[in-house]
file final_1.csv (CSV, C-alpha atoms and all ligand atoms)
chain,number,residue,atom,x,y,z
A,1,MET,CA,-34.0,60.5,10.4
A,2,PRO,CA,-34.4,57.1,8.8
A,3,SER,CA,-33.5,56.9,5.1
A,4,PRO,CA,-36.2,57.2,2.4
A,5,LEU,CA,-36.0,53.4,2.1
A,6,ALA,CA,-37.6,53.0,5.6
A,7,HIS,CA,-40.2,55.7,4.9
A,8,SER,CA,-41.1,54.2,1.6
A,9,ALA,CA,-41.6,50.8,3.2
A,10,ALA,CA,-43.9,52.5,5.7
A,11,ALA,CA,-45.8,54.0,2.8
A,12,PHE,CA,-46.1,50.6,1.3
A,13,GLY,CA,-47.5,49.2,4.5
A,14,ILE,CA,-50.1,51.9,4.7
A,15,TYR,CA,-50.9,51.3,1.1
A,16,LYS,CA,-51.5,47.6,1.8
A,17,VAL,CA,-53.9,48.4,4.6
A,18,PHE,CA,-55.8,51.1,2.8
A,19,ARG,CA,-55.6,50.1,-0.9
A,20,ARG,CA,-59.4,49.3,-0.9
A,21,TYR,CA,-59.9,53.1,-0.6
A,22,ASP,CA,-58.3,53.5,-4.0
A,23,SER,CA,-61.3,54.5,-6.1
A,24,SER,CA,-59.4,55.9,-9.1
A,25,GLY,CA,-57.7,52.6,-10.2
A,26,ARG,CA,-55.2,54.7,-12.2
A,27,SER,CA,-51.6,53.6,-12.3
A,28,LEU,CA,-48.2,54.8,-13.5
A,29,PHE,CA,-45.7,52.3,-14.8
A,30,ARG,CA,-48.2,49.6,-13.5
A,31,ILE,CA,-47.8,51.0,-10.0
A,32,PRO,CA,-51.1,52.4,-8.6
A,33,LEU,CA,-51.2,56.2,-8.5
A,34,PHE,CA,-52.7,55.9,-5.0
A,35,PHE,CA,-49.4,54.4,-3.8
A,36,PHE,CA,-47.5,57.3,-5.2
A,37,TRP,CA,-49.7,59.7,-3.2
A,38,LEU,CA,-49.1,57.8,0.0
A,39,LEU,CA,-45.4,57.8,-0.7
A,40,PHE,CA,-45.5,61.5,-1.3
A,41,PHE,CA,-47.2,62.2,2.0
A,42,SER,CA,-44.8,59.8,3.8
A,43,LEU,CA,-41.8,61.7,2.5
A,44,LEU,CA,-43.3,65.1,2.8
A,45,PRO,CA,-41.8,66.0,6.3
A,46,ASP,CA,-38.3,65.7,4.8
A,47,ILE,CA,-39.0,68.4,2.3
A,48,ASP,CA,-36.8,70.7,4.4
A,49,ALA,CA,-33.8,68.4,3.5
A,50,VAL,CA,-34.0,69.9,0.0
A,51,LEU,CA,-33.2,73.4,1.5
A,52,GLY,CA,-30.5,71.7,3.6
A,53,VAL,CA,-28.8,70.2,0.5
A,54,LEU,CA,-29.2,73.3,-1.6
A,55,SER,CA,-27.7,75.5,1.1
A,56,GLY,CA,-25.1,73.0,2.1
A,57,ASN,CA,-26.2,73.3,5.7
A,58,MET,CA,-28.5,70.4,6.7
A,59,TYR,CA,-28.2,71.2,10.3
A,60,ALA,CA,-29.8,74.6,9.9
A,61,TYR,CA,-32.7,73.6,7.8
A,62,HIS,CA,-33.4,69.9,8.3
A,63,ASN,CA,-35.4,68.4,11.2
A,64,GLN,CA,-37.0,71.6,12.3
A,65,ALA,CA,-40.6,72.8,12.2
A,66,SER,CA,-41.7,70.2,9.6
A,67,ASN,CA,-41.5,67.4,12.2
A,68,SER,CA,-44.2,68.9,14.4
A,69,VAL,CA,-47.7,67.4,14.9
A,70,PHE,CA,-49.1,70.8,14.2
A,71,THR,CA,-47.3,71.0,10.9
A,72,ALA,CA,-48.7,67.5,10.2
A,73,LEU,CA,-52.2,68.9,10.8
A,74,ALA,CA,-51.7,72.0,8.7
A,75,ALA,CA,-50.3,69.9,5.8
A,76,SER,CA,-53.1,67.4,6.0
A,77,LEU,CA,-55.8,70.2,6.0
A,78,PHE,CA,-54.0,71.6,2.9
A,79,ALA,CA,-54.0,68.2,1.2
A,80,GLY,CA,-57.7,67.7,2.0
A,81,PHE,CA,-58.6,71.1,0.6
A,82,ILE,CA,-56.5,70.6,-2.6
A,83,ALA,CA,-58.2,67.2,-3.1
A,84,PHE,CA,-61.6,68.6,-2.5
A,85,PHE,CA,-61.4,71.9,-4.5
A,86,PHE,CA,-59.1,70.8,-7.4
A,87,PHE,CA,-59.8,67.1,-7.8
A,88,LYS,CA,-63.4,66.8,-6.4
A,89,LYS,CA,-62.3,64.1,-4.0
A,90,LYS,CA,-63.5,63.5,-0.4
A,91,PHE,CA,-61.9,66.0,2.0
A,92,GLN,CA,-62.0,63.6,5.0
A,93,LYS,CA,-60.4,60.7,3.1
A,94,TRP,CA,-57.4,62.7,1.9
A,95,PHE,CA,-57.0,64.6,5.1
A,96,PHE,CA,-56.9,61.3,7.0
A,97,LEU,CA,-54.5,59.6,4.6
A,98,CYS,CA,-52.1,62.5,4.6
A,99,LEU,CA,-52.2,62.8,8.4
A,100,LEU,CA,-51.6,59.1,8.9
A,101,CYS,CA,-48.6,59.0,6.5
A,102,TYR,CA,-47.2,62.3,8.0
A,103,LEU,CA,-47.5,61.1,11.6
A,104,MET,CA,-46.0,57.8,10.7
A,105,HIS,CA,-43.0,59.6,9.4
A,106,ILE,CA,-42.7,61.7,12.5
A,107,ALA,CA,-43.0,58.6,14.7
A,108,MET,CA,-40.2,56.9,12.8
A,109,ASP,CA,-38.0,60.0,13.0
A,110,PHE,CA,-38.8,60.3,16.7
A,111,PHE,CA,-37.4,56.8,17.4
A,112,THR,CA,-34.2,57.5,15.5
A,113,TYR,CA,-30.8,58.4,16.9
A,114,GLY,CA,-30.4,62.2,16.6
A,115,ARG,CA,-31.0,65.6,18.2
A,116,GLY,CA,-34.7,65.0,19.0
A,117,LEU,CA,-37.8,66.4,17.4
A,118,MET,CA,-39.6,69.8,17.8
A,119,LEU,CA,-42.8,67.8,18.2
A,120,PHE,CA,-45.0,70.7,19.4
A,121,TRP,CA,-43.6,73.6,17.4
A,122,PRO,CA,-44.8,76.4,17.3
A,123,LEU,CA,-46.1,76.1,20.8
A,124,THR,CA,-42.6,75.3,21.9
A,125,SER,CA,-39.3,74.8,20.2
A,126,ARG,CA,-38.2,72.3,22.7
A,127,ARG,CA,-36.8,69.1,21.3
A,128,PHE,CA,-38.2,65.8,22.6
A,129,PHE,CA,-36.2,62.5,22.8
A,130,PRO,CA,-37.4,58.9,22.6
A,131,PRO,CA,-37.2,56.5,25.5
A,132,PHE,CA,-35.3,54.1,23.2
A,133,ILE,CA,-33.9,54.0,19.7
A,134,ILE,CA,-35.2,51.8,16.8
A,135,PHE,CA,-33.4,53.4,13.9
A,136,TYR,CA,-29.7,54.0,13.5
A,137,GLY,CA,-30.7,56.8,11.0
A,138,LEU,CA,-29.2,58.4,8.0
A,139,ARG,CA,-25.9,60.0,9.0
A,140,TRP,CA,-25.9,62.9,6.4
A,141,SER,CA,-22.8,64.5,7.9
A,142,LYS,CA,-20.7,61.5,7.0
A,143,SER,CA,-18.9,61.1,3.7
A,144,VAL,CA,-20.6,59.0,0.9
A,145,THR,CA,-18.2,56.2,1.4
A,146,SER,CA,-18.7,56.0,5.2
A,147,VAL,CA,-19.4,52.6,6.7
A,148,ALA,CA,-22.2,54.3,8.7
A,149,HIS,CA,-24.5,54.1,5.6
A,150,LEU,CA,-24.1,50.3,5.6
A,151,TYR,CA,-25.2,50.3,9.2
A,152,THR,CA,-28.2,52.4,8.3
A,153,LEU,CA,-29.1,50.0,5.5
A,154,LEU,CA,-28.7,46.9,7.7
A,155,ASN,CA,-30.7,48.4,10.6
A,156,GLU,CA,-33.6,49.4,8.4
A,157,THR,CA,-33.6,46.1,6.5
A,158,ALA,CA,-33.8,44.3,9.9
A,159,VAL,CA,-36.6,46.5,11.1
A,160,ILE,CA,-38.6,46.1,7.8
A,161,LEU,CA,-38.1,42.3,8.0
A,162,PHE,CA,-39.2,42.2,11.7
A,163,VAL,CA,-42.4,44.3,11.1
A,164,SER,CA,-43.1,42.1,8.0
A,165,MET,CA,-42.8,39.0,10.1
A,166,ILE,CA,-45.1,40.3,12.8
A,167,TRP,CA,-47.6,41.3,10.0
A,168,ALA,CA,-47.4,37.8,8.4
A,169,LEU,CA,-47.9,36.2,11.8
A,170,ILE,CA,-51.0,38.3,12.5
A,171,ARG,CA,-52.4,37.4,9.1
A,172,PHE,CA,-51.6,33.7,9.7
A,173,ILE,CA,-53.4,33.7,13.1
A,174,ARG,CA,-56.4,35.5,11.6
A,175,LEU,CA,-56.7,33.1,8.7
A,176,ARG,CA,-56.5,30.1,11.0
A,177,LYS,CA,-59.1,31.3,13.4
A,178,PRO,CA,-62.2,29.3,12.7
A,179,SER,CA,-65.2,31.5,12.1
A,180,SER,CA,-68.0,31.0,14.6
A,181,ALA,CA,-70.7,31.9,12.1
B,201,ZN,ZN,-37.8,62.8,8.5

call {"tool": "encode", "arguments": {"input": "final_1.csv", "output": "structure tokens"}}
result
Amino acid sequence: MPSPLAHSAAAFGIYKVFRRYDSSGRSLFRIPLFFFWLLFFSLLPDIDAVLGVLSGNMYAYHNQASNSVFTALAASLFAGFIAFFFFKKKFQKWFFLCLLCYLMHIAMDFFTYGRGLMLFWPLTSRRFFPPFIIFYGLRWSKSVTSVAHLYTLLNETAVILFVSMIWALIRFIRLRKPSSA
């Protein structure tokens, strides 16, 4: 899995694209509450890491059923229902936002060095592997002082910078395009 840094950056990207859907306008420490929700959904698939840390056995608990597209659907349905019944919000909006953040997380985990993802659990427990690797990933079995964590940080910073540059380039081209109207 990539570190929470990369997943948080993805949440920020999703926030930038969808911030106009923030109807509450509420904030916490001057940061929009809407961003915190997107961050929560973006980190949600790693909730099993908590069990891994508590039990001292990451391998047994982490990167299992929570990285399946069906778990993503179930979690998003749950988020939609909670939003609708408890907060009187639009079901579709919160279902879609949760699904987007959750699937983005799965996609990033998929393109990370590791033991593959159980993408279609519970239909099959088979692990699927990417055709190429983008993320070096968080090496949780290494000691805290391991140089591997530096590689993780450098790799993720490079990917974030690369995506930001592509984004800036697209914006630049769109702004320069003369409108025909
Ligand atoms: Zn993950």

call {"tool": "residues_around", "arguments": {"input": "final_1.csv", "residues": "region 116-125 of chain A", "least_positions_apart": "2", "cutoff": "10 Å", "atoms": "only C-alpha atoms", "output": "PDB file with C-alpha atoms, in the coordinates of the input"}}
result
ATOM      1  CA  MET A   1     -34.000  60.500  10.400  1.00  0.00           C
ATOM      2  CA  ASN A  63     -35.400  68.400  11.200  1.00  0.00           C
ATOM      3  CA  GLN A  64     -37.000  71.600  12.300  1.00  0.00           C
ATOM      4  CA  ALA A  65     -40.600  72.800  12.200  1.00  0.00           C
ATOM      5  CA  SER A  66     -41.700  70.200   9.600  1.00  0.00           C
ATOM      6  CA  ASN A  67     -41.500  67.400  12.200  1.00  0.00           C
ATOM      7  CA  SER A  68     -44.200  68.900  14.400  1.00  0.00           C
ATOM      8  CA  VAL A  69     -47.700  67.400  14.900  1.00  0.00           C
ATOM      9  CA  PHE A  70     -49.100  70.800  14.200  1.00  0.00           C
ATOM     10  CA  THR A  71     -47.300  71.000  10.900  1.00  0.00           C
ATOM     11  CA  ALA A  72     -48.700  67.500  10.200  1.00  0.00           C
ATOM     12  CA  ILE A 106     -42.700  61.700  12.500  1.00  0.00           C
ATOM     13  CA  ALA A 107     -43.000  58.600  14.700  1.00  0.00           C
ATOM     14  CA  ASP A 109     -38.000  60.000  13.000  1.00  0.00           C
ATOM     15  CA  PHE A 110     -38.800  60.300  16.700  1.00  0.00           C
ATOM     16  CA  PHE A 111     -37.400  56.800  17.400  1.00  0.00           C
ATOM     17  CA  THR A 112     -34.200  57.500  15.500  1.00  0.00           C
ATOM     18  CA  TYR A 113     -30.800  58.400  16.900  1.00  0.00           C
ATOM     19  CA  GLY A 114     -30.400  62.200  16.600  1.00  0.00           C
ATOM     20  CA  ARG A 127     -36.800  69.100  21.300  1.00  0.00           C
ATOM     21  CA  PHE A 128     -38.200  65.800  22.600  1.00  0.00           C
ATOM     22  CA  PHE A 129     -36.200  62.500  22.800  1.00  0.00           C
ATOM     23  CA  PRO A 130     -37.400  58.900  22.600  1.00  0.00           C
TER      24      PRO A 130
END

call {"tool": "closest_residue", "arguments": {"input": "final_1.csv", "among": "A:Phe12, A:Phe162, A:Phe36, A:Phe135", "to": "ligand ZN 201 (chain B)", "atoms": "all atoms listed in the file"}}
result
A:Phe135

call {"tool": "closest_residue", "arguments": {"input": "final_1.csv", "among": "A:Leu73, A:Ile47, A:Leu33, A:Leu38", "to": "Tyr61 (chain A)", "atoms": "all atoms listed in the file"}}
result
A:Ile47

call {"tool": "closest_residue", "arguments": {"input": "final_1.csv", "among": "A:Ala148, A:Ile14, A:Leu99, A:Val50", "to": "Phe78 (chain A)", "atoms": "all atoms listed in the file"}}
result
A:Leu99

call {"tool": "atom_distance", "arguments": {"input": "final_1.csv", "atom1": "CA of Gly80 (chain A)", "atom2": "CA of Arg19 (chain A)"}}
result
18.0 Å

call {"tool": "closest_residue", "arguments": {"input": "final_1.csv", "among": "A:Ala49, A:Pro32, A:Ser3, A:Ile133", "to": "His149 (chain A)", "atoms": "only C-alpha atoms"}}
result
A:Ser3

call {"tool": "atom_distance", "arguments": {"input": "final_1.csv", "atom1": "CA of Ser8 (chain A)", "atom2": "CA of Leu175 (chain A)"}}
result
27.2 Å

call {"tool": "atom_distance", "arguments": {"input": "final_1.csv", "atom1": "CA of Phe34 (chain A)", "atom2": "CA of Leu138 (chain A)"}}
result
27.0 Å

call {"tool": "closest_residue", "arguments": {"input": "final_1.csv", "among": "A:Lys88, A:His105, A:Arg26, A:Arg20", "to": "ligand ZN 201 (chain B)", "atoms": "only C-alpha atoms and all ligand atoms"}}
result
A:His105

call {"tool": "residues_around", "arguments": {"input": "final_1.csv", "residues": "Gly52 (chain A)", "least_positions_apart": "6", "cutoff": "8 Å", "atoms": "only C-alpha atoms", "output": "number ranges by chain"}}
result
A: 58-62

call {"tool": "closest_residue", "arguments": {"input": "final_1.csv", "among": "A:Phe41, A:Phe96, A:Trp167, A:Phe132", "to": "ligand ZN 201 (chain B)", "atoms": "all atoms listed in the file"}}
result
A:Phe41

call {"tool": "decode", "arguments": {"input": "final_1.csv", "residues": "region 35-118 of chain A", "atoms": "C-alpha atoms", "output": "PDB file, in the first residue's frame"}}
result
ATOM      1  CA  PHE A  35     -12.394  17.709   2.633  1.00  0.00           C
ATOM      2  CA  PHE A  36     -12.235  15.722   5.887  1.00  0.00           C
ATOM      3  CA  TRP A  37     -15.066  13.476   4.664  1.00  0.00           C
ATOM      4  CA  LEU A  38     -13.270  12.820   1.363  1.00  0.00           C
ATOM      5  CA  LEU A  39     -10.083  12.128   3.336  1.00  0.00           C
ATOM      6  CA  PHE A  40     -11.958   9.692   5.571  1.00  0.00           C
ATOM      7  CA  PHE A  41     -13.392   7.787   2.567  1.00  0.00           C
ATOM      8  CA  SER A  42      -9.948   7.790   0.919  1.00  0.00           C
ATOM      9  CA  LEU A  43      -8.301   6.198   3.960  1.00  0.00           C
ATOM     10  CA  LEU A  44     -11.204   3.875   4.801  1.00  0.00           C
ATOM     11  CA  PRO A  45      -9.889   0.763   2.942  1.00  0.00           C
ATOM     12  CA  ASP A  46      -6.864   0.763   5.261  1.00  0.00           C
ATOM     13  CA  ILE A  47      -9.046   0.449   8.367  1.00  0.00           C
ATOM     14  CA  ASP A  48      -7.934  -3.184   8.597  1.00  0.00           C
ATOM     15  CA  ALA A  49      -4.390  -1.921   9.295  1.00  0.00           C
ATOM     16  CA  VAL A  50      -5.661  -0.912  12.755  1.00  0.00           C
ATOM     17  CA  LEU A  51      -6.373  -4.580  13.506  1.00  0.00           C
ATOM     18  CA  GLY A  52      -2.955  -5.461  12.090  1.00  0.00           C
ATOM     19  CA  VAL A  53      -1.184  -2.981  14.379  1.00  0.00           C
ATOM     20  CA  LEU A  54      -3.219  -4.009  17.443  1.00  0.00           C
ATOM     21  CA  SER A  55      -2.615  -7.707  16.879  1.00  0.00           C
ATOM     22  CA  GLY A  56       1.012  -7.210  15.836  1.00  0.00           C
ATOM     23  CA  ASN A  57       0.301  -9.227  12.678  1.00  0.00           C
ATOM     24  CA  MET A  58      -0.182  -6.881   9.715  1.00  0.00           C
ATOM     25  CA  TYR A  59       0.154  -9.731   7.256  1.00  0.00           C
ATOM     26  CA  ALA A  60      -2.893 -11.573   8.632  1.00  0.00           C
ATOM     27  CA  TYR A  61      -5.252  -8.606   8.814  1.00  0.00           C
ATOM     28  CA  HIS A  62      -4.123  -5.924   6.367  1.00  0.00           C
ATOM     29  CA  ASN A  63      -4.781  -5.902   2.603  1.00  0.00           C
ATOM     30  CA  GLN A  64      -7.521  -8.505   2.659  1.00  0.00           C
ATOM     31  CA  ALA A  65     -11.258  -8.146   1.989  1.00  0.00           C
ATOM     32  CA  SER A  66     -11.287  -4.348   2.408  1.00  0.00           C
ATOM     33  CA  ASN A  67      -9.514  -3.939  -0.942  1.00  0.00           C
ATOM     34  CA  SER A  68     -12.324  -5.478  -2.987  1.00  0.00           C
ATOM     35  CA  VAL A  69     -14.597  -3.556  -5.374  1.00  0.00           C
ATOM     36  CA  PHE A  70     -17.569  -5.257  -3.698  1.00  0.00           C
ATOM     37  CA  THR A  71     -16.480  -3.979  -0.275  1.00  0.00           C
ATOM     38  CA  ALA A  72     -16.179  -0.541  -1.912  1.00  0.00           C
ATOM     39  CA  LEU A  73     -19.791  -0.833  -3.104  1.00  0.00           C
ATOM     40  CA  ALA A  74     -21.028  -2.008   0.309  1.00  0.00           C
ATOM     41  CA  ALA A  75     -19.155   0.775   2.153  1.00  0.00           C
ATOM     42  CA  SER A  76     -20.492   3.393  -0.281  1.00  0.00           C
ATOM     43  CA  LEU A  77     -24.076   2.156   0.079  1.00  0.00           C
ATOM     44  CA  PHE A  78     -23.614   2.357   3.850  1.00  0.00           C
ATOM     45  CA  ALA A  79     -22.200   5.912   3.580  1.00  0.00           C
ATOM     46  CA  GLY A  80     -25.137   6.917   1.351  1.00  0.00           C
ATOM     47  CA  PHE A  81     -27.693   5.508   3.811  1.00  0.00           C
ATOM     48  CA  ILE A  82     -26.012   7.171   6.819  1.00  0.00           C
ATOM     49  CA  ALA A  83     -25.920  10.504   4.967  1.00  0.00           C
ATOM     50  CA  PHE A  84     -29.579  10.171   3.967  1.00  0.00           C
ATOM     51  CA  PHE A  85     -31.128   8.871   7.185  1.00  0.00           C
ATOM     52  CA  PHE A  86     -28.998  10.630   9.807  1.00  0.00           C
ATOM     53  CA  PHE A  87     -27.923  13.846   8.079  1.00  0.00           C
ATOM     54  CA  LYS A  88     -30.789  14.350   5.577  1.00  0.00           C
ATOM     55  CA  LYS A  89     -28.282  14.580   2.706  1.00  0.00           C
ATOM     56  CA  LYS A  90     -28.561  13.285  -0.834  1.00  0.00           C
ATOM     57  CA  PHE A  91     -27.989   9.526  -0.972  1.00  0.00           C
ATOM     58  CA  GLN A  92     -26.591   9.555  -4.537  1.00  0.00           C
ATOM     59  CA  LYS A  93     -24.065  12.305  -3.848  1.00  0.00           C
ATOM     60  CA  TRP A  94     -22.510  10.638  -0.803  1.00  0.00           C
ATOM     61  CA  PHE A  95     -22.676   7.183  -2.341  1.00  0.00           C
ATOM     62  CA  PHE A  96     -20.815   8.478  -5.400  1.00  0.00           C
ATOM     63  CA  LEU A  97     -18.203  10.452  -3.425  1.00  0.00           C
ATOM     64  CA  CYS A  98     -17.450   7.523  -1.116  1.00  0.00           C
ATOM     65  CA  LEU A  99     -17.238   5.111  -4.053  1.00  0.00           C
ATOM     66  CA  LEU A 100     -14.899   7.418  -5.960  1.00  0.00           C
ATOM     67  CA  CYS A 101     -12.528   7.892  -2.994  1.00  0.00           C
ATOM     68  CA  TYR A 102     -12.639   4.206  -2.097  1.00  0.00           C
ATOM     69  CA  LEU A 103     -11.970   3.022  -5.673  1.00  0.00           C
ATOM     70  CA  MET A 104      -9.160   5.555  -6.037  1.00  0.00           C
ATOM     71  CA  HIS A 105      -7.556   4.015  -2.956  1.00  0.00           C
ATOM     72  CA  ILE A 106      -7.927   0.508  -4.373  1.00  0.00           C
ATOM     73  CA  ALA A 107      -6.464   1.620  -7.721  1.00  0.00           C
ATOM     74  CA  MET A 108      -3.436   3.151  -5.964  1.00  0.00           C
ATOM     75  CA  ASP A 109      -2.940   0.046  -3.813  1.00  0.00           C
ATOM     76  CA  PHE A 110      -3.229  -2.090  -6.941  1.00  0.00           C
ATOM     77  CA  PHE A 111      -0.318  -0.302  -8.636  1.00  0.00           C
ATOM     78  CA  THR A 112       1.881  -0.739  -5.556  1.00  0.00           C
ATOM     79  CA  TYR A 113       4.593  -3.303  -4.996  1.00  0.00           C
ATOM     80  CA  GLY A 114       3.219  -6.092  -2.830  1.00  0.00           C
ATOM     81  CA  ARG A 115       1.258  -9.324  -2.709  1.00  0.00           C
ATOM     82  CA  GLY A 116      -1.577  -8.241  -5.015  1.00  0.00           C
ATOM     83  CA  LEU A 117      -5.173  -7.377  -4.138  1.00  0.00           C
ATOM     84  CA  MET A 118      -8.250  -9.551  -3.544  1.00  0.00           C
TER      85      MET A 118
END
